[in-house]
$ cat model_11.cif   # mmCIF, C-alpha atoms and all ligand atoms
data_input
#
loop_
_atom_site.label_atom_id
_atom_site.label_comp_id
_atom_site.auth_asym_id
_atom_site.auth_seq_id
_atom_site.Cartn_x
_atom_site.Cartn_y
_atom_site.Cartn_z
CA MET A 1 4.97 14.13 37.48
CA ILE A 2 5.20 12.96 33.88
CA ASP A 3 5.32 15.86 31.36
CA THR A 4 4.06 19.35 32.08
CA GLY A 5 1.82 20.32 29.15
CA LEU A 6 1.74 23.48 27.07
CA GLY A 7 3.00 25.98 29.62
CA VAL A 8 0.03 28.32 29.12
CA ALA A 9 -0.74 28.35 32.86
CA ASN A 10 1.03 27.44 36.09
CA ILE A 11 0.52 23.67 36.26
CA LYS A 12 2.66 23.46 39.42
CA LYS A 13 -0.08 25.26 41.39
CA VAL A 14 -2.60 22.68 40.19
CA VAL A 15 -0.38 19.74 41.16
CA GLU A 16 0.44 21.24 44.55
CA ASN A 17 -3.28 21.31 45.27
CA LEU A 18 -3.43 17.57 44.62
CA ILE A 19 -0.47 16.38 46.72
CA ASP A 20 1.94 17.46 49.48
CA LEU A 21 4.86 15.36 48.24
CA PRO A 22 7.99 16.76 46.58
CA ILE A 23 7.60 16.81 42.79
CA SER A 24 10.13 15.53 40.28
CA VAL A 25 9.40 15.87 36.58
CA LEU A 26 9.97 13.08 34.09
CA THR A 27 9.82 13.91 30.39
CA THR A 28 8.45 11.42 27.86
CA HIS A 29 10.00 13.54 25.10
CA ALA A 30 10.97 17.12 24.36
CA HIS A 31 8.07 18.12 22.08
CA TRP A 32 6.90 21.61 23.06
CA ASP A 33 3.46 20.45 24.22
CA HIS A 34 5.04 18.15 26.84
CA ILE A 35 7.63 20.51 28.32
CA GLY A 36 5.83 23.87 28.47
CA GLY A 37 5.40 23.78 32.25
CA HIS A 38 8.93 22.56 33.03
CA LYS A 39 9.80 26.20 33.81
CA TYR A 40 7.80 25.94 37.04
CA PHE A 41 9.92 23.06 38.45
CA LYS A 42 13.44 22.76 39.84
CA ASP A 43 14.19 19.22 38.66
CA PHE A 44 13.46 17.40 35.48
CA ALA A 45 14.73 14.28 33.77
CA ILE A 46 14.90 13.48 30.07
CA HIS A 47 16.43 10.76 27.87
CA LYS A 48 20.02 11.38 26.74
CA ASN A 49 18.98 11.58 23.06
CA GLU A 50 16.92 14.73 23.67
CA VAL A 51 19.18 16.67 26.01
CA SER A 52 20.30 18.94 23.14
CA TRP A 53 16.67 19.60 22.08
CA ILE A 54 15.67 20.74 25.55
CA SER A 55 18.85 22.55 26.59
CA GLU A 56 19.98 24.06 23.29
CA GLN A 57 17.61 24.14 20.32
CA PHE A 58 14.29 22.47 19.63
CA PRO A 59 14.22 21.71 15.87
CA LEU A 60 11.08 23.70 15.07
CA PRO A 61 10.74 27.51 14.72
CA LEU A 62 8.82 29.33 17.45
CA GLN A 63 6.39 30.67 14.84
CA THR A 64 5.40 27.12 13.85
CA VAL A 65 4.84 26.20 17.49
CA LYS A 66 2.68 29.29 18.00
CA LYS A 67 0.68 28.38 14.91
CA ASN A 68 0.11 24.87 16.29
CA LEU A 69 -0.85 26.30 19.67
CA THR A 70 -3.66 28.33 18.08
CA LEU A 71 -4.68 25.78 15.43
CA GLU A 72 -7.94 24.94 17.19
CA PRO A 73 -10.01 27.74 18.70
CA CYS A 74 -9.82 27.66 22.50
CA ASP A 75 -9.93 29.99 25.48
CA PHE A 76 -6.47 30.37 26.94
CA PRO A 77 -6.22 30.83 30.71
CA ALA A 78 -6.37 34.39 32.00
CA GLY A 79 -2.97 36.04 31.89
CA PHE A 80 -1.66 34.01 28.98
CA CYS A 81 -0.03 36.08 26.26
CA LEU A 82 0.82 34.42 22.95
CA ASP A 83 3.39 37.12 22.11
CA ASP A 84 5.38 36.15 25.22
CA TYR A 85 5.18 32.38 24.60
CA LYS A 86 8.55 30.65 24.38
CA ILE A 87 9.63 27.06 23.88
CA PHE A 88 11.05 25.87 27.20
CA LYS A 89 14.81 25.59 27.43
CA GLY A 90 16.67 24.20 30.41
CA VAL A 91 19.37 21.85 31.61
CA PRO A 92 18.10 18.51 32.96
CA THR A 93 18.99 17.50 36.50
CA ARG A 94 18.86 13.82 35.54
CA ILE A 95 19.59 12.07 32.25
CA LEU A 96 17.60 8.92 31.51
CA HIS A 97 18.73 5.68 29.87
CA ASP A 98 16.77 2.60 28.87
CA GLY A 99 16.18 0.38 31.90
CA ASP A 100 16.85 3.06 34.54
CA LEU A 101 14.71 2.76 37.64
CA ILE A 102 13.01 5.81 39.14
CA ASP A 103 12.62 5.25 42.86
CA LEU A 104 9.60 7.13 44.24
CA GLY A 105 9.89 5.62 47.71
CA ASN A 106 7.17 3.02 47.76
CA ARG A 107 6.74 2.93 43.98
CA THR A 108 9.23 2.32 41.20
CA LEU A 109 9.07 3.27 37.53
CA LYS A 110 11.21 1.73 34.85
CA VAL A 111 12.41 3.82 31.91
CA ILE A 112 11.55 2.17 28.59
CA HIS A 113 13.31 3.95 25.71
CA THR A 114 10.78 3.94 22.87
CA PRO A 115 12.17 5.99 19.95
CA GLY A 116 10.25 6.60 16.74
CA HIS A 117 7.89 9.46 17.54
CA SER A 118 11.05 11.26 18.64
CA PRO A 119 14.62 9.98 19.16
CA GLY A 120 14.56 10.06 22.95
CA HIS A 121 10.92 9.21 23.57
CA CYS A 122 10.43 7.15 26.74
CA CYS A 123 7.52 5.31 28.26
CA PHE A 124 7.51 4.70 32.02
CA TYR A 125 6.45 1.31 33.31
CA GLU A 126 5.24 0.60 36.82
CA GLN A 127 5.70 -3.14 37.03
CA ASP A 128 3.94 -3.66 40.39
CA ARG A 129 0.69 -2.22 39.05
CA GLY A 130 1.16 -3.13 35.39
CA TRP A 131 0.71 0.53 34.43
CA LEU A 132 2.31 1.95 31.32
CA TYR A 133 2.66 5.73 31.04
CA SER A 134 2.81 5.71 27.29
CA GLY A 135 3.44 9.32 26.21
CA ASP A 136 2.90 9.72 22.46
CA LEU A 137 3.63 6.07 21.64
CA ILE A 138 0.21 4.62 22.50
CA TYR A 139 -3.03 6.59 22.54
CA LYS A 140 -6.45 6.69 20.92
CA GLY A 141 -5.93 9.27 18.20
CA CYS A 142 -3.57 10.05 15.36
CA LEU A 143 -0.12 8.59 16.07
CA ASP A 144 2.47 10.88 14.52
CA ALA A 145 5.46 9.41 12.71
CA PHE A 146 5.59 11.84 9.81
CA TYR A 147 7.88 14.71 10.92
CA PRO A 148 11.47 14.56 9.63
CA THR A 149 12.66 13.76 13.18
CA THR A 150 10.37 10.71 13.44
CA ASP A 151 11.25 7.16 12.43
CA PRO A 152 8.27 4.95 11.53
CA ILE A 153 10.28 1.70 11.71
CA ALA A 154 11.68 2.60 15.13
CA PHE A 155 8.12 3.52 16.19
CA MET A 156 6.96 0.02 15.20
CA ARG A 157 9.82 -1.60 17.14
CA SER A 158 9.06 0.51 20.19
CA VAL A 159 5.42 -0.61 20.15
CA GLU A 160 6.70 -4.22 19.97
CA LYS A 161 9.00 -3.49 22.90
CA VAL A 162 6.19 -2.33 25.21
CA ARG A 163 3.95 -5.10 23.94
CA SER A 164 6.25 -7.60 25.70
CA LEU A 165 5.41 -6.02 29.09
CA LYS A 166 2.52 -7.18 31.28
CA ILE A 167 0.21 -4.18 30.95
CA LYS A 168 -3.04 -3.74 32.87
CA LYS A 169 -3.53 -0.05 32.26
CA VAL A 170 -2.27 2.46 29.71
CA LEU A 171 -1.99 6.12 30.71
CA PRO A 172 -1.34 8.14 27.54
CA ALA A 173 -0.27 11.74 27.02
CA HIS A 174 -3.19 12.72 24.78
CA HIS A 175 -6.91 12.13 24.19
CA GLN A 176 -8.94 9.65 26.25
CA LEU A 177 -7.70 8.13 29.49
CA ASN A 178 -10.00 5.13 29.62
CA ILE A 179 -8.24 3.05 27.02
CA SER A 180 -7.92 -0.71 27.03
CA ALA A 181 -4.52 -2.37 27.40
CA SER A 182 -5.38 -4.31 24.23
CA LEU A 183 -4.82 -1.09 22.26
CA VAL A 184 -1.08 -1.88 22.43
CA ASP A 185 -1.72 -5.12 20.50
CA GLU A 186 -3.97 -3.38 17.99
CA ILE A 187 -1.37 -0.67 17.31
CA ALA A 188 1.41 -3.28 17.01
CA LYS A 189 -0.63 -5.25 14.47
CA ALA A 190 -1.43 -2.10 12.48
CA PHE A 191 2.27 -1.19 12.24
CA GLN A 192 3.11 -4.78 11.26
CA SER A 193 0.56 -4.75 8.46
CA LEU A 194 1.84 -1.41 7.09
CA TYR A 195 5.39 -2.75 7.30
CA GLN A 196 4.50 -5.97 5.47
CA GLN A 197 2.82 -3.96 2.71
CA GLY A 198 5.95 -1.81 2.35
CA LYS A 199 4.02 1.30 3.37
CA LEU A 200 5.93 2.24 6.51
CA GLN A 201 7.77 5.16 4.95
CA HIS A 202 7.54 8.91 5.38
CA GLY A 203 5.10 10.65 3.07
CA ASN A 204 2.57 7.85 2.73
CA GLY A 205 -0.14 9.76 4.58
CA ILE A 206 -2.68 8.84 7.24
CA PHE A 207 -3.89 5.27 7.70
CA ASP A 208 -7.13 4.86 9.64
CA PHE A 209 -7.62 1.92 11.98
CA GLY A 210 -10.87 3.05 13.60
CA THR A 211 -9.93 4.00 17.17
CA PHE A 212 -6.52 5.27 16.08
CA GLN A 213 -4.69 6.47 12.98
CA ILE A 214 -1.06 6.23 11.91
CA HIS A 215 0.37 9.30 10.14
CA ILE A 216 3.64 8.60 8.33
ZN ZN A 301 5.09 14.36 20.64
ZN ZN A 302 2.30 14.92 22.29
#
$ encode --input "model_11.cif" --output "structure tokens"
Amino acid sequence: MIDTGLGVANIKKVVENLIDLPISVLTTHAHWDHIGGHKYFKDFAIHKNEVSWISEQFPLPLQTVKKNLTLEPCDFPAGFCLDDYKIFKGVPTRILHDGDLIDLGNRTLKVIHTPGHSPGHCCFYEQDRGWLYSGDLIYKGCLDAFYPTTDPIAFMRSVEKVRSLKIKKVLPAHHQLNISASLVDEIAKAFQSLYQQGKLQHGNGIFDFGTFQIHI
């Protein structure tokens, strides 16, 4: 399983209804909206650069996270209590490095370290199928490279890095699932153009490219 969402309901129960296999959790990165359900699992893996975020201190106050959680009106699942919400903390059972292979038995995923959105962000690449599990690096929506812990130049280089892979399908962490593999090229070109114009620096705002935006 790649990422576990907000942690506002027991996602393990949902996954156990889908499969009978043992579940290992891979983390694309330690942002609170990707690790909320880690508490329901025994094992999880994360890149070495974000071990301290997940096991010691995530660099954002709980109040800010709670504010983000309730930014858009929505019905939380029954039993969820905002007052009790915590940012997940735990010690990983596996530490990931660029190029590591995750052996699932008859399927293998390769760890692609793609920093920029966060220092230990990873995509997972299934070479046999040409599938890229792209986390927050590639999706149809607003790509975030504006927080102090982001690095817009590293983000651009990470997009270039996955662009060199043979990709047939992109499975992102947010927004729509039916996105074309050509989105990787489009995002790479957008970053290149911002870079060439000298605009790829924090504080420059949101640039709109139609199907996606870049916030730096
Ligand atoms: Zn994120
Ligand atoms: Zn995210």
$ closest_residue --input "model_11.cif" --among "A:His97, A:Arg157, A:His174, A:Lys12" --to "ligand ZN 302 (chain A)" --atoms "all atoms listed in the file"
A:His174
$ closest_residue --input "model_11.cif" --among "A:Gly7, A:Gly203, A:Gly135, A:Gly130" --to "ligand ZN 301 (chain A)" --atoms "all atoms listed in the file"
A:Gly135
$ residues_near_ligand --input "model_11.cif" --ligand "ligand ZN 301 (chain A)" --cutoff "8 Å" --atoms "only C-alpha atoms and all ligand atoms" --output "number ranges by chain"
A: 29-34, 117-118, 135-136, 144
$ closest_residue --input "model_11.cif" --among "A:Phe209, A:Tyr139, A:Tyr40, A:Phe124" --to "ligand ZN 302 (chain A)" --atoms "all atoms listed in the file"
A:Tyr139
$ atom_distance --input "model_11.cif" --atom1 "atom CA of A:Lys13" --atom2 "atom CA of A:Glu126"
25.6 Å
$ atom_distance --input "model_11.cif" --atom1 "atom CA of A:Val14" --atom2 "atom CA of A:Lys168"
27.4 Å
$ closest_residue --input "model_11.cif" --among "A:Thr211, A:Gln127, A:Gln197, A:Thr28" --to "A:Gln176" --atoms "only C-alpha atoms"
A:Thr211
$ atom_distance --input "model_11.cif" --atom1 "atom CA of A:Gly116" --atom2 "atom CA of A:Asp208"
18.9 Å
$ residues_around --input "model_11.cif" --residues "A:Pro119" --least-positions-apart "4" --cutoff "10 Å" --atoms "all atoms listed in the file" --output "MDAnalysis selection string"
chainID A and resid 29:30 47:50 113:115 149:151 154:155
$ closest_residue --input "model_11.cif" --among "A:Leu177, A:Cys74, A:Ile19, A:Ile95" --to "A:Phe44" --atoms "all atoms listed in the file"
A:Ile95
$ closest_residue --input "model_11.cif" --among "A:His121, A:Lys89, A:Lys189, A:Arg163" --to "ligand ZN 302 (chain A)" --atoms "only C-alpha atoms and all ligand atoms"
A:His121
$ residues_around --input "model_11.cif" --residues "stretch 37-39 of chain A" --least-positions-apart "3" --cutoff "12 Å" --atoms "only C-alpha atoms" --output "PyMOL selection string"
chain A and resi 1-15+23-27+30-34+42-46+54-55+85-93
$ residues_near_point --input "model_11.cif" --point "(0.2, -0.4, 19.3)" --cutoff "9 Å" --atoms "all atoms listed in the file" --output "JSON, numbers by chain"
{"A": [137, 138, 139, 156, 158, 159, 160, 162, 163, 182, 183, 184, 185, 186, 187, 188, 189, 190, 191]}
